[in-house]
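Note sheet for the following structure.
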Amino acid sequence: MTDESRAIRFILNDRTVTLDDVGPTTTLLDYLRLSRRLTGTKEGCAEGDCGACTVLVGRLAGEELVYEGVNACIRFVGSLHATHVVTVEHLAAKDGALHPVQQALVDYHGSQCGFCTPGFVMSLYGLWLSKDRPGRADIEKALQGNLCRCTGYEPIVRAAEAVGAARPDAVFDPILSMRDRVRTELKAIKTGETIVIGEGQRLVVPGSVAALAKVLENHPQATIVAGSTDVGLWVTKQMRQLSPVVFINGLDALQEITETPDGLTLGAGVTYSAAYPTLARLYPAFGRLIDRIGGDQVRNMGTIGGNVANGSPIGDTPPALIALGARLTLRSAKGTRVLPLEEFFIQYGRQDRQPGEFVESLFIPAAKQEDHFAVYKISKRRDEDISALCGAFHLTLDAQGKVATLRIAFGGMAGTPKRAAQAEAAMIGRMWNEETVALGQAALAGDYQPLTDWRASAAYRSLTAANLLTRFLLETTGQAAELTRFTGAA
Amino acid sequence: MDATAFEDKTTAPLSAPMHAARRHDSAHKHVAGSADYIDDMPEPAGTLHAALGMTDRAHAQILSMDFTDVEKTPGVVCVLTARDMPHSNDISPSHLDDEPVLADGLVQFHGQPAFAVIAETREQARRAARLAKIVYRDLPHVIDPAEAIEQGAPLVTKPLTLKRGEAEAALDQSPRTLKGRMRIGGQEHFYLESHIAFAIPGEDDDVTVWSSTQHPSEVQHMVSHVLGVPSHAVTVQVRRMGGGFGGKETQGNQFAALAAVAAKKLNRPVKFRPDRDEDMTATGKRHDFVVDYEVGFDADGHILAVKANYAARCGFSSDLSGPVTDRALFHADNAYFYPHVLLTSQPLKTNTVSNTAYRGFGGPQGMVGGERMIEEVAYALGLDPLEVRKRNFYGEPGSGRDLTPYHQEVEDNIIARLVDELERDADYQARRKAILAFNETSRVIRKGIALTPVKFGISFTMTAFNQAGALVHVYQDGSIHLNHGGTEMGQGLYTKVAQVIADCFQVDLERVKITATTTGKVPNTSATAASSGSDLNGMAAFDAARQIKERLIAFAAERWQTTPDAIRFVPNHVEIGTERIPFPELVKLAYFARVHLSAAGFYKTPKIHWNRETGRGMPFYYFAYGASCSEVSIDTLTGEYMVDRVDVLHDVGRSLNPAIDIGQVEGAFVQGMGWLTTEELWWDDKGRLRTHAPSTYKIPLASDRPKIFNVKLADWSENRQPTIGRSKAVGEPPFMLPISVLEALSMAVASVDGYRQCPKLDAPATPERVLMAVERLKRG
């Protein structure tokens, strides 16, 4: 390949780093702690669930310089090309004067053992950058990816509220003070050339979608990494040795969001966070679902394309996407093909992705104003938990109030995210009321034979799936009855 | 919470006198990322790393272990097995010789470590540890405690019986009786910093071990025992832990012992930091309990007799299960007087990791069982459970209703006043009425409210542990070096003890340097556990400071030719008659006059005694009290719920530091709420714990904490015993406040059949348990 480079470059706090010898699965956390001795960033779980390793990563989105909190423990260094990594050490001024968010945590007794604290500092700094006067709903959302075992969170939330309301001047703000320099430098780094490090192309950062297709043609077994929110755990927990690894998070062409009258196209590299504003506007229930996937750190890294491609039986977004009739575009060097999303999931652990293919985009047909669409995620803990089950419902009624079309899909109820074909059939053409729902509920038993595991028993899954039909009926008939912590919250 | 809580309660012009709300001593470092935990310390050249080699059977004989592939892995230096322990392979804290460092031929729980790999890097060690080939012969396993009861499983330690009166006869004569069983789940500590040990070899037999431990002295003893060297050769140090909660009382021994063995064997520093999943698999947790109870009562809800058996899943070894199950019995009464009572413990051996200390130490499980009985009585009689609670509270001394099941008099009872105040402040009665009305008309969402008390006994029930030491140096520049046997795990102990010293010398807190806990400075310490940290170490440090202060006074009296009572320590100065000199100046003069400016302090808790054989004594120096009122909403279609509001009134005596104490109360509440709601330990049929990481084990998030959370300290309370500053212990007691959340959930469930049945909601009340209870009640 031409236009190839042999090093990735990024800015770490206030220094530019060039790495020409880095492993394909070296994590940012290990790099910070072991290679740079930046030990303020902690390892709590090494799986992206506790947030003790939260750092901010800045990247260019067009002309915008966007900073997002990420989990350094499952972020690979190979994905950092043309970014600005900001760690907790960079937040206080050189003379030790604390940033206002740090000072607020001190003043409000927001740390006890202190181990989770750097992660909270970074999440709250991310909130500070993105939101003036955040309310409690905003603060809780910003902290969904951070676990604290000591404080009970109350003093942390108080600190966030106080500092967000007062917004005292920072003596020094590492990001605001460096913005222009960083933007210039990242533009210079982001040349669009493909980067290959190591023998046998063990770490590849393709410069274009065409280059990606080419790499996969030559290395059909390569691991494609977008957000690494799943692949990260293959490495940190399963100790899998992956090579080559192809990082696609820098491909702007895969991050396009296109709205037409026919529907919405999401590039495979669109993160949950990036998709959120559009999805929440078009399908408010989808927005509420995304609010409950991981925490900000995961939503800032994880992509909807990756969520589909990894084929989890639970699948955070697939039930919703299937209910909406989404279609998947797969691409390879040979061309593209399109298939309904539900056909992509063949069985547990098996998807219809051929060697050399990658998920390019998802298309969601436009829903009509009068359509009813709902997604209900049920989990042991409300936020940052994997669904025990997740039901998505897309209903249209005819003029008489009969069920005209109905698509129901569940995650967590079978080996793949799966449609409830029998339940749909039992209800289509009937008046949308409790009797019809009872028929649907009875038919669900034929659609799904769920398993018992640590998230829920089979009995609970079956019962709740049926009850969610009742919830959907109530919601669509103006009797919404769902618990909400903050009414009218984002 | 009350906005005035953080205001100074004193006007003394010191930077941090006793009783003042002051920030944690390391807060600035915490937020800056500059507080060093053991994994953050610079590694000396040549440092090696260790990883656990784990088994994958719940119960099996090991027929052979083949390390060929392990040893071939690049970077691997050596593999350690049980046979490599120089002196002993046992680290049983109960000294029953039942806890191997590494499994020696017999696997007793899924994941039990059978070897350790030492390599140049941690990643190499972890990778290699997966490559051993172990051949097993399977043996039958028992995981579930109810199953263990059925099978008559052996006990890991001697059970306890508490008996007062004639419970059997009184049950027979009671107008009403009922029986039941409650299952109470265990709990993973989930300290954010997982276990770690870092051993640096020295000359002769010496080894220094940095260990994330609440009990440096025990780590010292275990390391010396495993190595076969005297205790004087082993120095154990810890500046701070990233959380402990009891999980680092005994569970760090294994990592420390292995790191030390490897360090001495290889003569290189060895660091041992297990991965989170390994930590959660290989270290003990809170005990799960099965409580079988029988209660006799009258038509007004007065309890006449209680008989209960507390069976616990202890795991494969005794560890601390004896005292944990004892403490469960000590708290089965909570704040209630049982006229006739018979309590028994059943510490069951199971093929699970050996359960251990966890905040409350069995007390919470004891109390949850007691509160279930109250709830049962209330539903049986159609009374508000709060009314039944009040009718059964312990009475004043001399009332004839003040004797516990272990024959200790409750002398300091303030529960009635606390509960009355909270009932009023939280507007309990009106809210309960409103909730009853709401539930009449709401189809899907139901609400519940509950107000529950806490009475928790303070002292180690092992009387010998109630001692502590401290070491205080005053240097020539007037700066003060403070060291004591307590460890800092986030609870603010170092800050509180430093306040004691600053207060004693009347100097600013900045003058006091708090130093890492080390067995080399203060020997023979007890675990920082049982909420005893500031009671014991605060007094020991005060004793040390007092000695130096008395010497300074004697010196000043002599030099200024006056009497000791003319000498007064005032903020940062000393007044001698009419003269006033800065504190450092007096210190310098004292040095030149050859006054000894260092002292070791000591304290032992007075009065307490306990005879386990007779089940009688005074195991507790005093009781700490509290009460909380929780309101919840549940979704009867899914079992999901939210905690809408919590009000707490808690007793810490005269608080040493209200900011830190309120932090302890808030934190304990949310942690306890997690235990009773979303935190579920789940084993599969192979005996594998499948909830071994935060992806599967769900501790509360910010968005789970009570939406409205009002926490107040009972500022009128003073410890009736002469503790340091008349304060009370705070670590554990508030952990039991969220029992009101469980009871409120129960009430919301009960609404689906008109409160006719006690929902018997087991813990943790996951959404699944809530929904299944709703279904059970609907079916009638």
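Residues are referred to by chain and number: the chain letter is A, B, ... according to the order shown in the structure tokens, the number counts from 1 in that chain, and ligands are numbered separately from 1 in the order shown.
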
message: Contacts from chain B to chain A, 6 Å maximum, only C-alpha atoms: show me the residue list as a ChimeraX atom specification.
response: /B:27,30-31,33,40,192-193,242-243,276,489-490,637-638,663,666-667,670,678,682,694,702-703

task: Please provide the set of residues having any atom within 10 Å of range 437-443 of chain A, restricted to only C-alpha atoms, with same-chain residues fewer than 3 positions apart removed, written as a PyMOL selection string.
output: chain A and resi 420-428+430-434+446-448+462-463+465-470+472-473

task: Quick one: pull the distance between CA of Val324 in chain B and CA of Gln491 in chain B, Å, one decimal.
output: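 Computing it gives 21.4 Å between the two atoms.
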
query: Within 12 Å of range 443-446 of chain B, counting only C-alpha atoms, which residues qualify if same-chain residues fewer than 2 places away don't, as a ChimeraX atom specification?
result: /A:467-468,470-471,474-475,479-484 /B:434-441,448-449,631-642,744-754,770-771,774

Please save C-alpha atoms of the selected residues as a short mmCIF file (atom, residue, chain, number, x, y, z; two decimals), in the first residue's frame.
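Saved as out18.cif:
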data_model
loop_
_atom_site.label_atom_id
_atom_site.label_comp_id
_atom_site.auth_asym_id
_atom_site.auth_seq_id
_atom_site.Cartn_x
_atom_site.Cartn_y
_atom_site.Cartn_z
CA ASN A 467 -46.21 -8.15 31.05
CA LEU A 468 -44.32 -5.78 28.78
CA THR A 470 -49.47 -5.01 28.87
CA ARG A 471 -47.17 -2.08 29.52
CA LEU A 474 -51.19 0.89 28.56
CA GLU A 475 -48.66 3.27 27.07
CA GLN A 479 -52.19 5.00 30.61
CA ALA A 480 -48.40 5.02 30.68
CA ALA A 481 -47.21 3.44 33.89
CA GLU A 482 -43.46 3.31 33.94
CA LEU A 483 -41.29 4.40 36.84
CA THR A 484 -39.33 7.53 36.06
CA ALA B 434 -51.14 9.06 51.44
CA ILE B 435 -49.40 5.94 50.19
CA LEU B 436 -52.24 3.69 51.33
CA ALA B 437 -54.61 5.93 49.40
CA PHE B 438 -52.38 5.99 46.32
CA ASN B 439 -52.16 2.20 46.25
CA GLU B 440 -55.95 1.90 46.27
CA THR B 441 -56.22 3.45 42.84
CA GLY B 448 -44.37 1.46 50.25
CA ILE B 449 -42.93 3.17 53.30
CA GLU B 631 -40.25 5.32 50.63
CA VAL B 632 -40.20 3.31 47.42
CA SER B 633 -42.22 2.71 44.28
CA ILE B 634 -42.45 -0.61 42.48
CA ASP B 635 -43.70 -1.59 39.05
CA THR B 636 -45.97 -4.61 39.50
CA LEU B 637 -45.53 -5.64 35.87
CA THR B 638 -41.76 -6.00 36.00
CA GLY B 639 -40.68 -5.82 39.64
CA GLU B 640 -38.53 -2.76 38.92
CA TYR B 641 -38.40 -0.20 41.70
CA MET B 642 -37.07 3.15 42.77
CA ALA B 744 -40.84 -0.55 52.17
CA LEU B 745 -40.53 -2.75 49.08
CA SER B 746 -42.32 -5.43 51.04
CA MET B 747 -45.19 -3.07 51.85
CA ALA B 748 -45.54 -2.07 48.20
CA VAL B 749 -45.74 -5.74 47.27
CA ALA B 750 -48.23 -6.43 50.05
CA SER B 751 -50.58 -3.83 48.58
CA VAL B 752 -51.48 -6.14 45.70
CA ASP B 753 -53.61 -8.27 48.00
CA GLY B 754 -54.68 -5.60 50.42
CA VAL B 770 -40.22 -8.37 43.81
CA LEU B 771 -42.21 -9.48 40.78
CA VAL B 774 -46.25 -9.86 43.61
#

message: Report as a ChimeraX atom specification all protein, DNA and RNA residues lying within 9 Å of Phe373 in chain A, evaluated on only C-alpha atoms, omitting residues in the same chain fewer than 3 positions from it.
response: /A:283-286,320,323-324,367,392-396,472,476

Please produce a file of the residues just selected, as a tab-separated table (two decimals), in the first residue's frame, where the atoms kept are C-alpha atoms.
chain	number	residue	atom	x	y	z
A	283	TYR	CA	-37.70	7.77	18.27
A	284	PRO	CA	-37.78	9.09	21.86
A	285	ALA	CA	-38.01	5.54	23.22
A	286	PHE	CA	-34.78	4.68	21.40
A	320	ALA	CA	-35.17	-1.88	18.84
A	323	ALA	CA	-38.72	-3.76	15.57
A	324	LEU	CA	-38.11	-0.69	13.44
A	367	ALA	CA	-41.66	5.80	11.07
A	392	ALA	CA	-39.18	-3.53	21.43
A	393	PHE	CA	-42.61	-2.93	19.93
A	394	HIS	CA	-43.57	-1.15	16.74
A	395	LEU	CA	-47.31	-0.90	16.15
A	396	THR	CA	-49.58	0.77	13.65
A	472	PHE	CA	-47.11	-1.32	25.80
A	476	THR	CA	-50.37	3.35	23.68

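Counting only C-alpha atoms and comparing A:Pro24, A:Gly250, A:Gly325, A:Gly429, the residue that lies closest to Arg407 in chain A is A:Gly325.
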
query: So which residues touch Val235 in chain A within 10 Å, counting only C-alpha atoms, skipping near sequence neighbours fewer than 6 positions away, as a PyMOL selection string?
result: chain A and resi 25-27+46-47+74+76+228+241-242

For the selection just defined, write its residues with C-alpha atoms to a file, as an mmCIF file, in the first residue's frame.
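As written to disk, out16.cif reads:
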data_model
loop_
_atom_site.group_PDB
_atom_site.id
_atom_site.type_symbol
_atom_site.label_atom_id
_atom_site.label_comp_id
_atom_site.auth_asym_id
_atom_site.auth_seq_id
_atom_site.Cartn_x
_atom_site.Cartn_y
_atom_site.Cartn_z
ATOM 1 C CA THR A 25 -3.987 -4.757 22.063
ATOM 2 C CA THR A 26 -1.915 -2.625 24.402
ATOM 3 C CA THR A 27 -4.462 -0.764 26.491
ATOM 4 C CA ALA A 46 -10.390 -3.803 33.521
ATOM 5 C CA GLU A 47 -13.707 -4.248 31.774
ATOM 6 C CA ILE A 74 -10.452 -1.238 27.368
ATOM 7 C CA PHE A 76 -6.424 0.287 22.810
ATOM 8 C CA SER A 228 -13.467 -1.942 21.782
ATOM 9 C CA GLN A 241 -3.967 -12.567 21.494
ATOM 10 C CA LEU A 242 -5.410 -10.756 18.524
#

message: Residues near Val377 in chain B, anyone? I mean within 8 Å using only C-alpha atoms, not counting same-chain ones fewer than 4 positions away, as an MDAnalysis selection string.
response: chainID B and resid 297 301 373 381 385 388

message: For the structure I just gave you, how does DSSP split range 109-230 of chain B - specifically, which residues are helix (DSSP H, G or I)? Reply as an NGL selection string.
response: :B and (122-129 or 145-150 or 167-173 or 216-227)

From a backbone DSSP assignment, name each residue in range 241-465 of chain A labelled strand (DSSP E), as a PDB file with C-alpha atoms, in the first residue's frame.
ATOM      1  CA  VAL A 245      -6.243  -5.673  14.689  1.00  0.00           C
ATOM      2  CA  VAL A 246      -7.827  -3.077  12.436  1.00  0.00           C
ATOM      3  CA  PHE A 247      -8.926   0.163  14.073  1.00  0.00           C
ATOM      4  CA  ILE A 257     -25.572  10.091   9.904  1.00  0.00           C
ATOM      5  CA  THR A 258     -27.883  10.705   6.961  1.00  0.00           C
ATOM      6  CA  GLU A 259     -31.541  11.583   7.255  1.00  0.00           C
ATOM      7  CA  THR A 260     -33.839  11.359   4.238  1.00  0.00           C
ATOM      8  CA  GLY A 263     -35.317   6.935   6.752  1.00  0.00           C
ATOM      9  CA  LEU A 264     -32.119   7.231   8.658  1.00  0.00           C
ATOM     10  CA  THR A 265     -28.739   5.807   7.743  1.00  0.00           C
ATOM     11  CA  LEU A 266     -26.172   5.306  10.477  1.00  0.00           C
ATOM     12  CA  GLY A 267     -22.596   4.550   9.530  1.00  0.00           C
ATOM     13  CA  ARG A 327     -31.594  -3.145   7.238  1.00  0.00           C
ATOM     14  CA  LEU A 328     -27.911  -3.846   7.361  1.00  0.00           C
ATOM     15  CA  THR A 329     -25.351  -3.072   4.681  1.00  0.00           C
ATOM     16  CA  LEU A 330     -22.310  -5.307   4.616  1.00  0.00           C
ATOM     17  CA  ARG A 331     -19.327  -4.387   2.520  1.00  0.00           C
ATOM     18  CA  SER A 332     -16.260  -6.150   1.293  1.00  0.00           C
ATOM     19  CA  GLY A 335     -19.018  -4.909  -3.116  1.00  0.00           C
ATOM     20  CA  THR A 336     -21.957  -4.503  -0.782  1.00  0.00           C
ATOM     21  CA  ARG A 337     -25.075  -6.449   0.138  1.00  0.00           C
ATOM     22  CA  VAL A 338     -28.120  -5.499   2.157  1.00  0.00           C
ATOM     23  CA  LEU A 339     -30.198  -7.709   4.431  1.00  0.00           C
ATOM     24  CA  PRO A 340     -32.900  -7.271   7.068  1.00  0.00           C
ATOM     25  CA  PHE A 345     -28.432 -13.144  13.495  1.00  0.00           C
ATOM     26  CA  ILE A 346     -28.379 -16.801  12.528  1.00  0.00           C
ATOM     27  CA  GLN A 347     -27.994 -18.451  15.899  1.00  0.00           C
ATOM     28  CA  ARG A 350     -23.131 -17.016  14.534  1.00  0.00           C
ATOM     29  CA  GLN A 351     -23.900 -14.126  12.239  1.00  0.00           C
ATOM     30  CA  PHE A 358     -17.598  -5.601   7.493  1.00  0.00           C
ATOM     31  CA  VAL A 359     -20.707  -3.802   8.628  1.00  0.00           C
ATOM     32  CA  GLU A 360     -20.847  -0.542   6.716  1.00  0.00           C
ATOM     33  CA  SER A 361     -24.139   0.985   7.759  1.00  0.00           C
ATOM     34  CA  LEU A 362     -27.618   0.526   9.109  1.00  0.00           C
ATOM     35  CA  PHE A 363     -30.758   1.911   7.563  1.00  0.00           C
ATOM     36  CA  ILE A 364     -33.847   2.537   9.662  1.00  0.00           C
ATOM     37  CA  PRO A 365     -37.000   3.179   7.631  1.00  0.00           C
ATOM     38  CA  HIS A 372     -46.375   3.518  18.240  1.00  0.00           C
ATOM     39  CA  PHE A 373     -42.869   2.551  19.117  1.00  0.00           C
ATOM     40  CA  ALA A 374     -41.571   1.513  22.521  1.00  0.00           C
ATOM     41  CA  VAL A 375     -38.504  -0.191  23.944  1.00  0.00           C
ATOM     42  CA  TYR A 376     -38.388  -1.594  27.458  1.00  0.00           C
ATOM     43  CA  LYS A 377     -35.103  -2.667  28.920  1.00  0.00           C
ATOM     44  CA  ILE A 378     -35.339  -4.755  32.072  1.00  0.00           C
ATOM     45  CA  LEU A 389     -34.511  -8.946  28.657  1.00  0.00           C
ATOM     46  CA  CYS A 390     -35.312  -6.092  26.347  1.00  0.00           C
ATOM     47  CA  GLY A 391     -38.541  -5.825  24.378  1.00  0.00           C
ATOM     48  CA  ALA A 392     -39.179  -3.532  21.428  1.00  0.00           C
ATOM     49  CA  PHE A 393     -42.607  -2.926  19.927  1.00  0.00           C
ATOM     50  CA  HIS A 394     -43.569  -1.149  16.742  1.00  0.00           C
ATOM     51  CA  LEU A 395     -47.310  -0.901  16.151  1.00  0.00           C
ATOM     52  CA  THR A 396     -49.581   0.774  13.653  1.00  0.00           C
ATOM     53  CA  LEU A 397     -53.344   0.777  14.005  1.00  0.00           C
ATOM     54  CA  VAL A 403     -53.619  -3.827  14.655  1.00  0.00           C
ATOM     55  CA  ALA A 404     -52.441  -3.083  11.121  1.00  0.00           C
ATOM     56  CA  THR A 405     -48.767  -3.845  11.489  1.00  0.00           C
ATOM     57  CA  LEU A 406     -46.842  -5.059  14.500  1.00  0.00           C
ATOM     58  CA  ARG A 407     -43.201  -5.910  14.893  1.00  0.00           C
ATOM     59  CA  ILE A 408     -42.022  -7.235  18.233  1.00  0.00           C
ATOM     60  CA  ALA A 409     -38.445  -8.176  19.002  1.00  0.00           C
ATOM     61  CA  PHE A 410     -36.817  -9.289  22.205  1.00  0.00           C
ATOM     62  CA  GLY A 411     -33.260  -9.588  23.379  1.00  0.00           C
ATOM     63  CA  LYS A 418     -35.396 -12.436  17.823  1.00  0.00           C
ATOM     64  CA  ARG A 419     -38.810 -11.449  16.550  1.00  0.00           C
TER      65      ARG A 419
END

Give me the residues within 9 Å of Glu99 in chain B as a PDB file with N, CA and C atoms, in the first residue's frame, counting only C-alpha atoms and dropping any in the same chain fewer than 4 places off.
ATOM      1  N   ASN B  89       1.799 -24.268  54.820  1.00  0.00           N
ATOM      2  CA  ASN B  89       0.876 -23.900  53.739  1.00  0.00           C
ATOM      3  C   ASN B  89      -0.437 -23.397  54.323  1.00  0.00           C
ATOM      4  N   ASP B  90      -0.436 -23.055  55.603  1.00  0.00           N
ATOM      5  CA  ASP B  90      -1.710 -22.690  56.234  1.00  0.00           C
ATOM      6  C   ASP B  90      -1.748 -21.225  56.650  1.00  0.00           C
ATOM      7  N   ILE B  91      -2.864 -20.589  56.338  1.00  0.00           N
ATOM      8  CA  ILE B  91      -3.070 -19.206  56.770  1.00  0.00           C
ATOM      9  C   ILE B  91      -4.446 -19.051  57.422  1.00  0.00           C
ATOM     10  N   SER B  92      -4.834 -20.047  58.188  1.00  0.00           N
ATOM     11  CA  SER B  92      -6.143 -19.972  58.835  1.00  0.00           C
ATOM     12  C   SER B  92      -6.122 -18.926  59.941  1.00  0.00           C
ATOM     13  N   PRO B  93      -6.926 -17.870  59.811  1.00  0.00           N
ATOM     14  CA  PRO B  93      -6.926 -16.848  60.857  1.00  0.00           C
ATOM     15  C   PRO B  93      -7.539 -17.344  62.158  1.00  0.00           C
ATOM     16  N   HIS B  95      -6.855 -20.256  63.269  1.00  0.00           N
ATOM     17  CA  HIS B  95      -5.872 -21.233  63.736  1.00  0.00           C
ATOM     18  C   HIS B  95      -6.455 -22.645  63.822  1.00  0.00           C
ATOM     19  N   ALA B 103      -4.150 -24.767  47.222  1.00  0.00           N
ATOM     20  CA  ALA B 103      -4.784 -26.072  47.371  1.00  0.00           C
ATOM     21  C   ALA B 103      -3.725 -27.169  47.246  1.00  0.00           C
ATOM     22  N   PHE B 316     -15.572 -23.047  52.458  1.00  0.00           N
ATOM     23  CA  PHE B 316     -14.843 -24.292  52.734  1.00  0.00           C
ATOM     24  C   PHE B 316     -14.061 -24.275  54.031  1.00  0.00           C
ATOM     25  N   SER B 317     -13.849 -23.094  54.604  1.00  0.00           N
ATOM     26  CA  SER B 317     -13.016 -23.043  55.812  1.00  0.00           C
ATOM     27  C   SER B 317     -13.651 -22.124  56.841  1.00  0.00           C
ATOM     28  N   SER B 318     -13.065 -22.109  58.029  1.00  0.00           N
ATOM     29  CA  SER B 318     -13.681 -21.346  59.119  1.00  0.00           C
ATOM     30  C   SER B 318     -13.447 -19.850  58.968  1.00  0.00           C
ATOM     31  N   ASP B 319     -12.255 -19.437  58.567  1.00  0.00           N
ATOM     32  CA  ASP B 319     -11.922 -18.019  58.483  1.00  0.00           C
ATOM     33  C   ASP B 319     -12.516 -17.315  59.711  1.00  0.00           C
ATOM     34  N   SER B 354     -14.342 -19.172  51.047  1.00  0.00           N
ATOM     35  CA  SER B 354     -14.614 -19.028  52.471  1.00  0.00           C
ATOM     36  C   SER B 354     -15.081 -17.615  52.773  1.00  0.00           C
TER      37      SER B 354
END

Residue with smallest distance to Gly363 in chain B - pool B:Pro339, B:Gly457, B:Gly538, B:Gly615, counting only C-alpha atoms: B:Gly457
